[in-house]
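File shown: model-v8.cif (mmCIF, C-alpha atoms).
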```cif
data_data
#
loop_
_atom_site.group_PDB
_atom_site.id
_atom_site.type_symbol
_atom_site.label_atom_id
_atom_site.label_comp_id
_atom_site.auth_asym_id
_atom_site.auth_seq_id
_atom_site.Cartn_x
_atom_site.Cartn_y
_atom_site.Cartn_z
ATOM 1 C CA MET A 1 -136.562 27.159 -38.241
ATOM 2 C CA ARG A 2 -138.153 30.226 -39.810
ATOM 3 C CA ALA A 3 -136.230 33.145 -41.296
ATOM 4 C CA TYR A 4 -136.646 36.199 -43.472
ATOM 5 C CA VAL A 5 -134.292 36.678 -46.413
ATOM 6 C CA LEU A 6 -134.047 40.374 -47.329
ATOM 7 C CA THR A 7 -132.915 40.562 -50.917
ATOM 8 C CA HIS A 8 -131.405 43.146 -53.267
ATOM 9 C CA VAL A 9 -132.237 42.440 -56.907
ATOM 10 C CA CYS A 10 -131.014 43.891 -60.204
ATOM 11 C CA THR A 11 -133.389 46.601 -61.372
ATOM 12 C CA GLY A 12 -136.209 45.230 -63.476
ATOM 13 C CA GLN A 13 -135.708 41.615 -62.345
ATOM 14 C CA GLU A 14 -137.994 41.663 -59.303
ATOM 15 C CA GLN A 15 -140.992 39.920 -60.860
ATOM 16 C CA ASP A 16 -138.837 37.180 -62.361
ATOM 17 C CA LEU A 17 -137.238 36.484 -58.990
ATOM 18 C CA LEU A 18 -140.600 36.486 -57.218
ATOM 19 C CA GLN A 19 -141.934 33.859 -59.623
ATOM 20 C CA THR A 20 -138.822 31.739 -59.149
ATOM 21 C CA VAL A 21 -138.540 31.841 -55.352
ATOM 22 C CA ARG A 22 -142.266 31.337 -54.768
ATOM 23 C CA GLN A 23 -141.846 27.905 -56.391
ATOM 24 C CA LEU A 24 -138.976 26.793 -54.126
ATOM 25 C CA PRO A 25 -139.562 24.174 -51.429
ATOM 26 C CA GLY A 26 -139.289 25.841 -48.034
ATOM 27 C CA VAL A 27 -140.487 29.247 -49.183
ATOM 28 C CA ILE A 28 -143.570 30.314 -47.250
ATOM 29 C CA ARG A 29 -144.023 33.715 -48.856
ATOM 30 C CA ALA A 30 -142.162 36.207 -51.037
ATOM 31 C CA ASP A 31 -143.142 39.854 -51.457
ATOM 32 C CA HIS A 32 -141.863 42.894 -53.334
ATOM 33 C CA VAL A 33 -141.343 45.705 -50.813
ATOM 34 C CA PHE A 34 -140.392 49.367 -50.700
ATOM 35 C CA GLY A 35 -137.339 50.403 -48.707
ATOM 36 C CA PRO A 36 -133.692 49.390 -48.642
ATOM 37 C CA TYR A 37 -134.455 45.881 -49.937
ATOM 38 C CA ASP A 38 -136.424 44.806 -53.001
ATOM 39 C CA ILE A 39 -137.894 41.458 -51.969
ATOM 40 C CA ILE A 40 -138.455 39.774 -48.620
ATOM 41 C CA VAL A 41 -138.681 35.994 -48.641
ATOM 42 C CA GLU A 42 -140.075 34.109 -45.651
ATOM 43 C CA VAL A 43 -138.595 30.621 -45.460
ATOM 44 C CA ASP A 44 -138.870 27.589 -43.223
ATOM 45 C CA ALA A 45 -136.420 24.712 -42.837
ATOM 46 C CA PRO A 46 -136.070 21.896 -40.299
ATOM 47 C CA THR A 47 -132.461 22.732 -39.350
ATOM 48 C CA LEU A 48 -129.957 25.551 -39.598
ATOM 49 C CA ALA A 49 -127.991 23.527 -42.144
ATOM 50 C CA ALA A 50 -131.096 23.088 -44.313
ATOM 51 C CA LEU A 51 -131.846 26.798 -43.998
ATOM 52 C CA GLY A 52 -128.312 27.670 -45.096
ATOM 53 C CA LYS A 53 -128.601 25.342 -48.065
ATOM 54 C CA LEU A 54 -131.922 26.906 -49.086
ATOM 55 C CA VAL A 55 -130.536 30.442 -48.878
ATOM 56 C CA PHE A 56 -127.163 29.795 -50.511
ATOM 57 C CA GLU A 57 -128.092 27.214 -53.137
ATOM 58 C CA SER A 58 -131.581 28.369 -54.103
ATOM 59 C CA ILE A 59 -131.895 32.114 -53.454
ATOM 60 C CA ARG A 60 -128.427 33.723 -53.426
ATOM 61 C CA CYS A 61 -127.361 31.785 -56.517
ATOM 62 C CA GLN A 62 -130.028 33.435 -58.695
ATOM 63 C CA PRO A 63 -128.230 35.640 -61.268
ATOM 64 C CA CYS A 64 -130.351 38.713 -60.490
ATOM 65 C CA VAL A 65 -129.658 38.616 -56.719
ATOM 66 C CA THR A 66 -126.936 41.068 -55.743
ATOM 67 C CA ASP A 67 -127.078 40.790 -51.933
ATOM 68 C CA THR A 68 -129.076 39.171 -49.128
ATOM 69 C CA LEU A 69 -129.478 39.488 -45.386
ATOM 70 C CA THR A 70 -130.957 36.521 -43.523
ATOM 71 C CA CYS A 71 -132.789 37.231 -40.267
ATOM 72 C CA LEU A 72 -133.694 34.260 -38.082
ATOM 73 C CA ALA A 73 -137.154 34.475 -36.535
ATOM 74 C CA VAL A 74 -137.417 34.207 -32.759
ATOM 75 C CA GLU A 75 -140.124 31.743 -31.786
#
```

The structure given in the file should be rewritten as structure tokens.
Amino acid sequence: MRAYVLTHVCTGQEQDLLQTVRQLPGVIRADHVFGPYDIIVEVDAPTLAALGKLVFESIRCQPCVTDTLTCLAVE
């Protein structure tokens, strides 16, 4: 199950978060972007439950993350 996690980050913390999330199991890619979000993280997990765990316990819990929006990819 692939998804994109659109992430708002505290100003000045983008590079730190990129380094952290790029190391996480299940993260395919993470990029700093212009627009309403700061970082987009592409993730992959075998089940919806595993995807939720990855987003909530590994990405959203980072102290510099202020908000996320998870978009499931349509295969």

What's the 7 Å shell around Leu69 in chain A, counting only C-alpha atoms, without same-chain residues fewer than 6 positions away, as a VMD selection string?
chain A and resid 5 to 7

Given the point (-137.6, 32.0, -45.1) in the coordinates of this file, which residues lie within 12 Å, counting only C-alpha atoms, and how would they look as a ChimeraX atom specification?
/A:1-7,21-22,24-31,39-46,48,50-56,58-59,68-73

Residues matched by the PyMOL selection byres ((chain A and resi 17) around 10) as a ChimeraX atom specification
/A:9-10,12-16,18-22,30,32,39,59,62-65

Need the axis-aligned box for range 63-73 of chain A with 3 Å each side, so what are the centre and edges in Å to one decimal, as JSON?
```
{"center_x": -132.0, "center_y": 37.7, "center_z": -48.9, "size_x": 16.2, "size_y": 12.8, "size_z": 30.7}
```
